[in-house]
>>> print(open('upload.cif').read())   # mmCIF, C-alpha atoms
data_protein
loop_
_atom_site.group_PDB
_atom_site.id
_atom_site.type_symbol
_atom_site.label_atom_id
_atom_site.label_comp_id
_atom_site.auth_asym_id
_atom_site.auth_seq_id
_atom_site.Cartn_x
_atom_site.Cartn_y
_atom_site.Cartn_z
ATOM 1 C CA MET Z 235 -98.938 -120.143 88.586
ATOM 2 C CA ASN Z 236 -97.394 -118.802 85.374
ATOM 3 C CA THR Z 237 -94.383 -116.512 85.432
ATOM 4 C CA TYR Z 238 -96.367 -113.364 84.584
ATOM 5 C CA TYR Z 239 -98.594 -113.568 87.656
ATOM 6 C CA PHE Z 240 -95.669 -114.574 89.858
ATOM 7 C CA SER Z 241 -93.709 -111.522 88.646
ATOM 8 C CA LEU Z 242 -96.753 -109.298 89.181
ATOM 9 C CA LEU Z 243 -97.283 -110.563 92.742
ATOM 10 C CA LEU Z 244 -93.570 -110.178 93.486
ATOM 11 C CA VAL Z 245 -93.561 -106.571 92.273
ATOM 12 C CA ILE Z 246 -96.750 -105.738 94.200
ATOM 13 C CA GLY Z 247 -95.449 -107.423 97.361
ATOM 14 C CA THR Z 248 -92.125 -105.595 97.154
ATOM 15 C CA PHE Z 249 -93.842 -102.258 96.503
ATOM 16 C CA VAL Z 250 -96.410 -102.613 99.311
ATOM 17 C CA THR Z 251 -93.932 -103.801 101.943
ATOM 18 C CA GLY Z 252 -91.505 -101.089 100.835
ATOM 19 C CA ILE Z 253 -94.135 -98.373 101.266
ATOM 20 C CA ILE Z 254 -95.125 -99.675 104.716
ATOM 21 C CA TRP Z 255 -91.457 -99.917 105.751
ATOM 22 C CA ALA Z 256 -90.801 -96.344 104.551
ATOM 23 C CA ILE Z 257 -93.843 -94.951 106.396
ATOM 24 C CA ASP Z 258 -92.831 -96.770 109.554
ATOM 25 C CA HIS Z 259 -89.208 -95.627 109.300
ATOM 26 C CA PHE Z 260 -89.860 -91.971 108.520
ATOM 27 C CA VAL Z 261 -93.231 -91.326 110.235
ATOM 28 C CA TRP Z 262 -94.119 -93.883 112.905
ATOM 29 C CA LYS Z 263 -90.642 -94.611 114.263
ATOM 30 C CA PRO Z 264 -89.830 -90.941 115.098
ATOM 31 C CA LYS Z 265 -93.086 -90.779 117.071
ATOM 32 C CA ARG Z 266 -92.190 -93.979 118.949
ATOM 33 C CA ASP Z 267 -88.720 -92.613 119.695
ATOM 34 C CA GLU Z 268 -90.285 -89.414 121.008
ATOM 35 C CA LYS Z 269 -92.494 -91.370 123.439
ATOM 36 C CA ILE Z 270 -89.498 -93.405 124.610
ATOM 37 C CA ARG Z 271 -87.388 -90.286 125.223
ATOM 38 C CA ALA Z 272 -90.222 -88.696 127.195
ATOM 39 C CA ALA Z 273 -90.565 -91.816 129.331
ATOM 40 C CA GLU Z 274 -86.805 -91.939 129.930
ATOM 41 C CA ALA Z 275 -86.768 -88.259 130.920
ATOM 42 C CA GLN Z 276 -89.584 -88.872 133.387
ATOM 43 C CA ALA Z 277 -87.912 -91.978 134.849
ATOM 44 C CA GLY Z 278 -84.417 -90.475 134.827
ATOM 45 C CA VAL Z 279 -82.895 -93.696 133.456
ATOM 46 C CA ALA Z 280 -82.503 -95.344 130.065
ATOM 47 C CA LEU Z 281 -85.182 -97.915 129.346
ATOM 48 C CA GLU Z 282 -84.437 -101.526 128.489
ATOM 49 C CA PRO Z 283 -85.502 -102.613 124.981
ATOM 50 C CA GLU Z 284 -88.368 -104.671 126.411
ATOM 51 C CA GLN Z 285 -89.626 -101.655 128.385
ATOM 52 C CA ALA Z 286 -89.332 -99.411 125.316
ATOM 53 C CA ASP Z 287 -91.356 -101.902 123.259
ATOM 54 C CA GLN Z 288 -94.107 -101.871 125.866
ATOM 55 C CA ILE Z 289 -94.302 -98.063 125.900
ATOM 56 C CA ALA Z 290 -94.105 -97.561 122.127
ATOM 57 C CA PRO Z 291 -94.709 -100.922 120.387
ATOM 58 C CA GLN Z 292 -94.143 -101.390 116.677
ATOM 59 C CA SER Z 293 -97.233 -102.645 114.865
ATOM 60 C CA GLY Z 294 -97.249 -106.198 113.580
ATOM 61 C CA LEU Z 295 -97.766 -104.957 110.018
ATOM 62 C CA ALA Z 296 -94.726 -102.674 110.207
ATOM 63 C CA ASP Z 297 -92.664 -105.447 111.791
ATOM 64 C CA PHE Z 298 -93.609 -107.841 108.975
ATOM 65 C CA ALA Z 299 -92.831 -105.241 106.289
ATOM 66 C CA GLN Z 300 -89.467 -104.489 107.876
ATOM 67 C CA ALA Z 301 -88.533 -108.184 107.688
ATOM 68 C CA ALA Z 302 -90.114 -108.979 104.297
ATOM 69 C CA PHE Z 303 -89.146 -105.949 102.203
ATOM 70 C CA PRO Z 304 -85.368 -106.578 101.927
ATOM 71 C CA VAL Z 305 -85.958 -110.260 101.123
ATOM 72 C CA LEU Z 306 -88.558 -109.519 98.435
ATOM 73 C CA PHE Z 307 -86.420 -106.714 97.009
ATOM 74 C CA VAL Z 308 -83.371 -108.970 96.628
ATOM 75 C CA ILE Z 309 -85.471 -111.746 95.042
ATOM 76 C CA LEU Z 310 -87.040 -109.232 92.654
ATOM 77 C CA ILE Z 311 -83.665 -107.896 91.505
ATOM 78 C CA LEU Z 312 -82.094 -111.343 91.160
ATOM 79 C CA ARG Z 313 -85.043 -112.920 89.369
ATOM 80 C CA SER Z 314 -85.844 -109.987 87.083
ATOM 81 C CA PHE Z 315 -82.401 -108.875 85.979
ATOM 82 C CA ILE Z 316 -79.719 -111.433 86.874
ATOM 83 C CA TYR Z 317 -80.695 -115.126 87.148
ATOM 84 C CA GLU Z 318 -83.982 -117.021 87.162
ATOM 85 C CA PRO Z 319 -84.475 -120.762 87.786
ATOM 86 C CA PHE Z 320 -86.412 -122.907 85.326
ATOM 87 C CA ARG Z 321 -87.345 -126.589 85.196
ATOM 88 C CA ILE Z 322 -87.131 -128.678 82.039
ATOM 89 C CA PRO Z 323 -90.590 -130.289 81.650
ATOM 90 C CA SER Z 324 -90.193 -132.160 78.344
ATOM 91 C CA GLY Z 325 -87.673 -134.087 76.288
ATOM 92 C CA SER Z 326 -87.445 -131.731 73.308
ATOM 93 C CA MET Z 327 -83.861 -130.754 74.192
ATOM 94 C CA LEU Z 328 -82.544 -134.290 74.749
ATOM 95 C CA PRO Z 329 -79.740 -135.260 75.063
ATOM 96 C CA THR Z 330 -78.439 -131.798 76.068
ATOM 97 C CA LEU Z 331 -81.112 -131.198 78.726
ATOM 98 C CA LEU Z 332 -83.055 -133.946 80.454
ATOM 99 C CA VAL Z 333 -86.539 -133.960 81.914
ATOM 100 C CA GLY Z 334 -86.052 -133.027 85.564
ATOM 101 C CA ASP Z 335 -83.108 -130.684 85.000
ATOM 102 C CA PHE Z 336 -83.366 -127.412 86.914
ATOM 103 C CA ILE Z 337 -81.440 -124.676 85.151
ATOM 104 C CA LEU Z 338 -80.321 -121.119 85.763
ATOM 105 C CA VAL Z 339 -80.996 -118.580 83.030
ATOM 106 C CA GLU Z 340 -78.995 -115.389 82.586
ATOM 107 C CA LYS Z 341 -81.656 -112.692 82.404
ATOM 108 C CA PHE Z 342 -79.195 -109.887 81.620
ATOM 109 C CA ARG Z 343 -77.734 -111.623 78.553
ATOM 110 C CA TYR Z 344 -80.362 -110.424 76.077
ATOM 111 C CA GLY Z 345 -81.318 -107.082 77.631
ATOM 112 C CA LEU Z 346 -82.775 -105.739 80.861
ATOM 113 C CA ARG Z 347 -86.566 -105.723 80.910
ATOM 114 C CA GLU Z 348 -89.223 -104.365 83.233
ATOM 115 C CA PRO Z 349 -90.438 -107.450 85.162
ATOM 116 C CA VAL Z 350 -94.186 -107.130 84.475
ATOM 117 C CA SER Z 351 -94.599 -105.601 81.004
ATOM 118 C CA ARG Z 352 -91.194 -107.011 79.909
ATOM 119 C CA LYS Z 353 -90.433 -103.824 78.023
ATOM 120 C CA GLU Z 354 -86.705 -103.536 77.414
ATOM 121 C CA PHE Z 355 -85.084 -100.465 78.970
ATOM 122 C CA PHE Z 356 -81.400 -101.344 78.471
ATOM 123 C CA ARG Z 357 -79.966 -103.445 75.651
ATOM 124 C CA THR Z 358 -77.075 -105.696 76.625
ATOM 125 C CA GLY Z 359 -76.912 -108.167 73.745
ATOM 126 C CA ARG Z 360 -78.715 -110.666 71.553
ATOM 127 C CA PRO Z 361 -78.459 -114.444 71.032
ATOM 128 C CA ASP Z 362 -75.518 -116.021 69.251
ATOM 129 C CA ARG Z 363 -75.981 -118.959 66.956
ATOM 130 C CA GLY Z 364 -75.984 -122.119 69.060
ATOM 131 C CA ASP Z 365 -77.216 -120.510 72.295
ATOM 132 C CA ILE Z 366 -79.702 -122.491 74.357
ATOM 133 C CA ALA Z 367 -82.257 -119.856 75.285
ATOM 134 C CA VAL Z 368 -85.535 -119.480 77.158
ATOM 135 C CA PHE Z 369 -88.225 -117.427 75.449
ATOM 136 C CA LYS Z 370 -91.939 -116.771 75.567
ATOM 137 C CA TYR Z 371 -93.861 -119.133 73.312
ATOM 138 C CA PRO Z 372 -95.091 -116.927 70.415
ATOM 139 C CA VAL Z 373 -98.431 -118.744 70.194
ATOM 140 C CA GLU Z 374 -99.098 -118.476 73.947
ATOM 141 C CA PRO Z 375 -96.759 -115.894 75.543
ATOM 142 C CA ASP Z 376 -97.632 -116.984 79.092
ATOM 143 C CA LEU Z 377 -95.603 -120.164 78.505
ATOM 144 C CA ASP Z 378 -91.813 -120.405 78.662
ATOM 145 C CA TYR Z 379 -90.029 -122.516 76.043
ATOM 146 C CA ILE Z 380 -86.384 -123.527 75.767
ATOM 147 C CA LYS Z 381 -84.686 -124.385 72.465
ATOM 148 C CA ARG Z 382 -81.416 -123.852 70.586
ATOM 149 C CA VAL Z 383 -80.903 -120.802 68.348
ATOM 150 C CA ILE Z 384 -79.722 -121.676 64.849
ATOM 151 C CA GLY Z 385 -81.184 -118.819 62.795
ATOM 152 C CA LEU Z 386 -80.308 -115.143 63.309
ATOM 153 C CA PRO Z 387 -82.019 -112.109 61.722
ATOM 154 C CA GLY Z 388 -81.385 -112.098 57.973
ATOM 155 C CA ASP Z 389 -80.500 -115.813 57.706
ATOM 156 C CA ARG Z 390 -81.994 -118.247 55.265
ATOM 157 C CA ILE Z 391 -82.610 -121.641 56.877
ATOM 158 C CA THR Z 392 -83.041 -124.763 54.763
ATOM 159 C CA TYR Z 393 -84.065 -128.133 56.206
ATOM 160 C CA GLN Z 394 -83.712 -131.217 54.054
ATOM 161 C CA ASP Z 395 -83.099 -134.892 54.813
ATOM 162 C CA LYS Z 396 -82.986 -134.097 58.559
ATOM 163 C CA THR Z 397 -80.117 -131.673 58.033
ATOM 164 C CA PHE Z 398 -80.080 -127.879 58.439
ATOM 165 C CA PHE Z 399 -78.286 -125.536 56.049
ATOM 166 C CA ILE Z 400 -77.735 -121.889 56.971
ATOM 167 C CA GLN Z 401 -77.026 -118.972 54.652
ATOM 168 C CA PRO Z 402 -76.134 -116.099 57.011
ATOM 169 C CA GLY Z 403 -77.411 -112.603 56.330
ATOM 170 C CA CYS Z 404 -78.566 -113.152 52.762
ATOM 171 C CA LEU Z 405 -82.159 -111.933 52.627
ATOM 172 C CA ALA Z 406 -81.359 -109.397 49.914
ATOM 173 C CA ASP Z 407 -79.540 -111.885 47.675
ATOM 174 C CA CYS Z 408 -78.790 -115.459 48.728
ATOM 175 C CA ALA Z 409 -77.468 -116.619 45.375
ATOM 176 C CA ASP Z 410 -73.817 -115.880 46.155
ATOM 177 C CA VAL Z 411 -73.893 -116.972 49.820
ATOM 178 C CA GLU Z 412 -72.560 -120.485 50.352
ATOM 179 C CA PRO Z 413 -74.743 -122.465 52.765
ATOM 180 C CA ILE Z 414 -73.221 -123.641 56.039
ATOM 181 C CA GLU Z 415 -74.218 -127.201 56.845
ATOM 182 C CA LEU Z 416 -74.875 -128.218 60.435
ATOM 183 C CA THR Z 417 -72.850 -131.360 59.906
ATOM 184 C CA ARG Z 418 -73.628 -134.672 61.578
ATOM 185 C CA ASP Z 419 -71.441 -137.717 61.795
ATOM 186 C CA LEU Z 420 -72.365 -140.168 59.068
ATOM 187 C CA GLN Z 421 -72.692 -142.865 61.694
ATOM 188 C CA ALA Z 422 -74.617 -142.499 64.928
ATOM 189 C CA VAL Z 423 -72.299 -142.092 67.931
ATOM 190 C CA GLY Z 424 -74.681 -143.943 70.193
ATOM 191 C CA GLU Z 425 -78.251 -144.872 70.914
ATOM 192 C CA TYR Z 426 -80.598 -143.174 73.372
ATOM 193 C CA GLN Z 427 -83.656 -144.779 74.917
ATOM 194 C CA GLN Z 428 -86.610 -142.432 75.382
ATOM 195 C CA GLN Z 429 -89.578 -144.231 76.888
ATOM 196 C CA ARG Z 430 -88.480 -147.508 75.227
ATOM 197 C CA MET Z 431 -88.023 -145.755 71.872
ATOM 198 C CA PRO Z 432 -84.502 -146.128 70.445
ATOM 199 C CA LEU Z 433 -83.184 -142.825 69.112
ATOM 200 C CA HIS Z 434 -79.906 -142.363 67.266
ATOM 201 C CA ARG Z 435 -77.489 -139.908 68.846
ATOM 202 C CA TYR Z 436 -75.445 -137.801 66.417
ATOM 203 C CA HIS Z 437 -72.600 -135.368 66.928
ATOM 204 C CA GLU Z 438 -73.413 -132.029 65.275
ATOM 205 C CA GLN Z 439 -70.953 -129.197 64.667
ATOM 206 C CA TYR Z 440 -71.105 -125.584 63.553
ATOM 207 C CA ASN Z 441 -67.722 -123.822 63.437
ATOM 208 C CA GLU Z 442 -66.328 -124.296 66.973
ATOM 209 C CA LEU Z 443 -69.713 -125.177 68.459
ATOM 210 C CA GLU Z 444 -70.263 -128.887 69.125
ATOM 211 C CA TYR Z 445 -73.218 -130.701 70.665
ATOM 212 C CA ASN Z 446 -75.266 -133.901 70.319
ATOM 213 C CA VAL Z 447 -78.673 -134.293 68.727
ATOM 214 C CA LEU Z 448 -81.167 -137.147 68.615
ATOM 215 C CA VAL Z 449 -82.837 -138.468 65.468
ATOM 216 C CA ASN Z 450 -85.698 -140.937 65.382
ATOM 217 C CA PRO Z 451 -84.924 -143.519 62.680
ATOM 218 C CA ARG Z 452 -88.607 -144.426 62.467
ATOM 219 C CA VAL Z 453 -89.539 -140.940 61.253
ATOM 220 C CA ASN Z 454 -88.981 -140.789 57.518
ATOM 221 C CA SER Z 455 -87.011 -137.905 56.074
ATOM 222 C CA THR Z 456 -88.161 -135.964 53.038
ATOM 223 C CA ASN Z 457 -86.261 -134.915 49.957
ATOM 224 C CA ASN Z 458 -88.370 -131.771 49.677
ATOM 225 C CA ALA Z 459 -86.507 -128.799 51.139
ATOM 226 C CA MET Z 460 -88.209 -126.552 53.682
ATOM 227 C CA VAL Z 461 -86.960 -122.951 53.556
ATOM 228 C CA TRP Z 462 -87.388 -120.088 56.023
ATOM 229 C CA ASP Z 463 -86.105 -116.491 55.747
ATOM 230 C CA VAL Z 464 -85.592 -115.094 59.246
ATOM 231 C CA PRO Z 465 -86.982 -111.521 59.454
ATOM 232 C CA ALA Z 466 -85.252 -108.655 61.213
ATOM 233 C CA GLU Z 467 -85.464 -108.786 65.028
ATOM 234 C CA HIS Z 468 -86.497 -112.466 64.901
ATOM 235 C CA TYR Z 469 -84.791 -115.799 65.629
ATOM 236 C CA PHE Z 470 -85.196 -119.403 64.514
ATOM 237 C CA PHE Z 471 -85.240 -122.001 67.328
ATOM 238 C CA ILE Z 472 -85.018 -125.792 67.164
ATOM 239 C CA GLY Z 473 -84.878 -128.633 69.688
ATOM 240 C CA ASP Z 474 -81.913 -131.002 69.876
ATOM 241 C CA ASN Z 475 -84.383 -133.916 69.917
ATOM 242 C CA ARG Z 476 -85.088 -133.236 66.258
ATOM 243 C CA ASP Z 477 -88.026 -135.553 65.621
ATOM 244 C CA ASN Z 478 -89.691 -134.852 68.966
ATOM 245 C CA SER Z 479 -89.655 -131.062 69.175
ATOM 246 C CA VAL Z 480 -92.357 -128.560 68.325
ATOM 247 C CA ASP Z 481 -90.239 -125.575 67.341
ATOM 248 C CA SER Z 482 -89.774 -122.875 64.697
ATOM 249 C CA ARG Z 483 -90.324 -125.439 61.961
ATOM 250 C CA TYR Z 484 -93.962 -125.565 63.082
ATOM 251 C CA TRP Z 485 -94.898 -122.215 64.669
ATOM 252 C CA GLY Z 486 -92.427 -119.790 63.112
ATOM 253 C CA PHE Z 487 -89.971 -117.235 64.460
ATOM 254 C CA VAL Z 488 -89.398 -115.693 67.883
ATOM 255 C CA HIS Z 489 -89.349 -111.906 68.147
ATOM 256 C CA GLU Z 490 -86.559 -110.437 70.284
ATOM 257 C CA ASP Z 491 -89.180 -108.967 72.648
ATOM 258 C CA LEU Z 492 -90.038 -112.555 73.675
ATOM 259 C CA LEU Z 493 -86.482 -113.450 74.692
ATOM 260 C CA VAL Z 494 -86.018 -114.291 78.385
ATOM 261 C CA GLY Z 495 -82.374 -115.287 78.732
ATOM 262 C CA ARG Z 496 -79.620 -117.806 78.030
ATOM 263 C CA ALA Z 497 -79.516 -121.154 79.857
ATOM 264 C CA VAL Z 498 -76.095 -121.500 81.466
ATOM 265 C CA PHE Z 499 -76.122 -123.907 84.419
ATOM 266 C CA VAL Z 500 -77.812 -127.050 85.721
ATOM 267 C CA TRP Z 501 -78.117 -126.522 89.483
ATOM 268 C CA LEU Z 502 -80.267 -129.567 90.209
ATOM 269 C CA SER Z 503 -81.262 -132.656 88.250
ATOM 270 C CA LEU Z 504 -83.913 -135.102 89.459
ATOM 271 C CA GLU Z 505 -84.791 -138.418 87.925
ATOM 272 C CA PHE Z 506 -88.503 -139.202 88.113
ATOM 273 C CA GLU Z 507 -90.315 -142.526 88.156
ATOM 274 C CA ARG Z 508 -94.003 -143.392 88.158
ATOM 275 C CA ASP Z 509 -95.619 -143.863 91.579
ATOM 276 C CA VAL Z 510 -97.050 -147.389 91.246
ATOM 277 C CA ASN Z 511 -98.837 -147.082 94.590
ATOM 278 C CA SER Z 512 -101.037 -144.246 93.378
ATOM 279 C CA TRP Z 513 -104.080 -144.592 91.146
ATOM 280 C CA LEU Z 514 -103.153 -141.223 89.653
ATOM 281 C CA PRO Z 515 -100.457 -140.999 86.935
ATOM 282 C CA ASN Z 516 -98.018 -139.337 89.344
ATOM 283 C CA TRP Z 517 -94.283 -139.063 88.802
ATOM 284 C CA VAL Z 518 -92.123 -138.780 91.897
ATOM 285 C CA PRO Z 519 -88.398 -137.918 92.165
ATOM 286 C CA SER Z 520 -86.343 -141.046 92.722
ATOM 287 C CA LYS Z 521 -82.757 -139.746 92.830
ATOM 288 C CA ILE Z 522 -80.500 -136.761 92.208
ATOM 289 C CA ARG Z 523 -78.340 -136.982 89.085
ATOM 290 C CA PHE Z 524 -75.170 -135.420 90.469
ATOM 291 C CA ASN Z 525 -73.270 -135.998 87.228
ATOM 292 C CA ARG Z 526 -75.626 -133.535 85.506
ATOM 293 C CA LEU Z 527 -74.731 -130.564 87.702
ATOM 294 C CA GLY Z 528 -72.636 -127.826 86.119
ATOM 295 C CA ARG Z 529 -72.473 -125.591 83.075
ATOM 296 C CA ILE Z 530 -74.579 -126.438 80.037
ATOM 297 C CA LYS Z 531 -72.433 -127.412 77.055
#
>>> encode(input="upload.cif", output="structure tokens")
Amino acid sequence: MNTYYFSLLLVIGTFVTGIIWAIDHFVWKPKRDEKIRAAEAQAGVALEPEQADQIAPQSGLADFAQAAFPVLFVILILRSFIYEPFRIPSGSMLPTLLVGDFILVEKFRYGLREPVSRKEFFRTGRPDRGDIAVFKYPVEPDLDYIKRVIGLPGDRITYQDKTFFIQPGCLADCADVEPIELTRDLQAVGEYQQQRMPLHRYHEQYNELEYNVLVNPRVNSTNNAMVWDVPAEHYFFIGDNRDNSVDSRYWGFVHEDLLVGRAVFVWLSLEFERDVNSWLPNWVPSKIRFNRLGRIK
């Protein structure tokens, strides 16, 4: 089930159980209390709870709504406006995020939005360069993607020889704006094996922001520069696994209305292996990677 339909069902469930709880509390319960008081007056003694339930029982529907409404309401508030869990399904953000990482995303970081239509009703902020963010895939908005922000509104992004150059806020005139290079170490700081494919791990830095990226040495670089001018209210996203990421280099920019939140914490990380006993290509969790738990750097 995609996130839209889950949000819709959560809103409907919270609304319906809330209405039933309110009707029971303000309409049906006073009538039950009246019957119980009349029975107590006739008997001349206070009734035990079990006796009161027999005289004026609460309906099963009202009992369910009374128990479910507060739970659904809390989940709705937490998931819509504070934190939402996501699972990393692919390796496009290696080595920062691994397949099988379960992350928490700050929903309030980039604005508070109505949970179904996602219309923003209170602006709290926008992405900073280097943020790892979840957003709705522009080509198919029902899907959630996660990438790293490198281009802000007004930036010019140049990609050449597997290196990004950024000219901040220069759409009017970029001639006098010195490009900022996302610098990589000249030598790889390690090697990463992805499905038996050796990838070179590089250390990349932008101002005080530092992280690792992967480069596939078998994918040839090009001397021809690719240039993008980031429009207003849009952002340029890339994956840290540079040669194995379908990102803004291929499908363009992300409008701020598609932003979901900033990834901040790995709360669970599972390593998967193929189930050799099944004729289906199933992957089953084999162990918990405890060393992965904590804030995303």
>>> resolve_selection(input="upload.cif", expression="the PyMOL selection byres ((chain Z and resi 470) around 10)", output="count of residues only")
26
>>> residues_around(input="upload.cif", residues="Val500 in chain Z", least_positions_apart="3", cutoff="10 Å", atoms="all atoms listed in the file", output="list in words")
Pro319, Phe320, Arg321, Leu331, Asp335, Phe336, Ile337, Leu338, Val339, Ala497, Ser503, Phe524, Arg526, Leu527, Gly528, Arg529 and Ile530 of chain Z
>>> write_last_selection(input="upload.cif", atoms="C-alpha atoms", output="tab-separated table (two decimals), in the frame of the given file")
chain	number	residue	atom	x	y	z
Z	319	PRO	CA	-84.48	-120.76	87.79
Z	320	PHE	CA	-86.41	-122.91	85.33
Z	321	ARG	CA	-87.34	-126.59	85.20
Z	331	LEU	CA	-81.11	-131.20	78.73
Z	335	ASP	CA	-83.11	-130.68	85.00
Z	336	PHE	CA	-83.37	-127.41	86.91
Z	337	ILE	CA	-81.44	-124.68	85.15
Z	338	LEU	CA	-80.32	-121.12	85.76
Z	339	VAL	CA	-81.00	-118.58	83.03
Z	497	ALA	CA	-79.52	-121.15	79.86
Z	503	SER	CA	-81.26	-132.66	88.25
Z	524	PHE	CA	-75.17	-135.42	90.47
Z	526	ARG	CA	-75.63	-133.54	85.51
Z	527	LEU	CA	-74.73	-130.56	87.70
Z	528	GLY	CA	-72.64	-127.83	86.12
Z	529	ARG	CA	-72.47	-125.59	83.08
Z	530	ILE	CA	-74.58	-126.44	80.04
>>> closest_residue(input="upload.cif", among="Z:Phe298, Z:Phe369, Z:Phe398, Z:Trp255", to="Lys341 in chain Z", atoms="only C-alpha atoms")
Z:Phe369
>>> closest_residue(input="upload.cif", among="Z:Val333, Z:Leu377, Z:Ala290, Z:Ala296", to="Glu268 in chain Z", atoms="all atoms listed in the file")
Z:Ala290
>>> residues_near_point(input="upload.cif", point="(-91.6, -110.1, 90.7)", cutoff="8 Å", atoms="only C-alpha atoms", output="list in words")
Phe240, Ser241, Leu242, Leu243, Leu244, Val245, Ile246, Thr248, Ile309, Leu310, Arg313, Ser314, Pro349 and Val350 of chain Z
>>> resolve_selection(input="upload.cif", expression="the PyMOL selection byres ((chain Z and resi 327) around 12)", output="ChimeraX atom specification")
/Z:322-326,328-335,366-368,379-383,445-449,471-481,497,530
>>> resolve_selection(input="upload.cif", expression="the PyMOL selection byres ((chain Z and resi 492) around 8)", output="list of chain:residue names")
Z:Phe369, Z:Lys370, Z:Tyr371, Z:Pro372, Z:Pro375, Z:Val488, Z:His489, Z:Glu490, Z:Asp491, Z:Leu493, Z:Val494
>>> write_last_selection(input="upload.cif", atoms="C-alpha atoms", output="CSV table (one decimal), in the coordinates of the input")
chain,number,residue,atom,x,y,z
Z,369,PHE,CA,-88.2,-117.4,75.4
Z,370,LYS,CA,-91.9,-116.8,75.6
Z,371,TYR,CA,-93.9,-119.1,73.3
Z,372,PRO,CA,-95.1,-116.9,70.4
Z,375,PRO,CA,-96.8,-115.9,75.5
Z,488,VAL,CA,-89.4,-115.7,67.9
Z,489,HIS,CA,-89.3,-111.9,68.1
Z,490,GLU,CA,-86.6,-110.4,70.3
Z,491,ASP,CA,-89.2,-109.0,72.6
Z,493,LEU,CA,-86.5,-113.4,74.7
Z,494,VAL,CA,-86.0,-114.3,78.4
>>> residues_around(input="upload.cif", residues="Lys396 in chain Z", least_positions_apart="2", cutoff="8 Å", atoms="all atoms listed in the file", output="list of chain:residue names")
Z:Tyr393, Z:Gln394, Z:Phe398, Z:Ser455, Z:Thr456
>>> write_last_selection(input="upload.cif", atoms="C-alpha atoms", output="tab-separated table (two decimals), keeping the file's coordinate frame")
chain	number	residue	atom	x	y	z
Z	393	TYR	CA	-84.06	-128.13	56.21
Z	394	GLN	CA	-83.71	-131.22	54.05
Z	398	PHE	CA	-80.08	-127.88	58.44
Z	455	SER	CA	-87.01	-137.90	56.07
Z	456	THR	CA	-88.16	-135.96	53.04
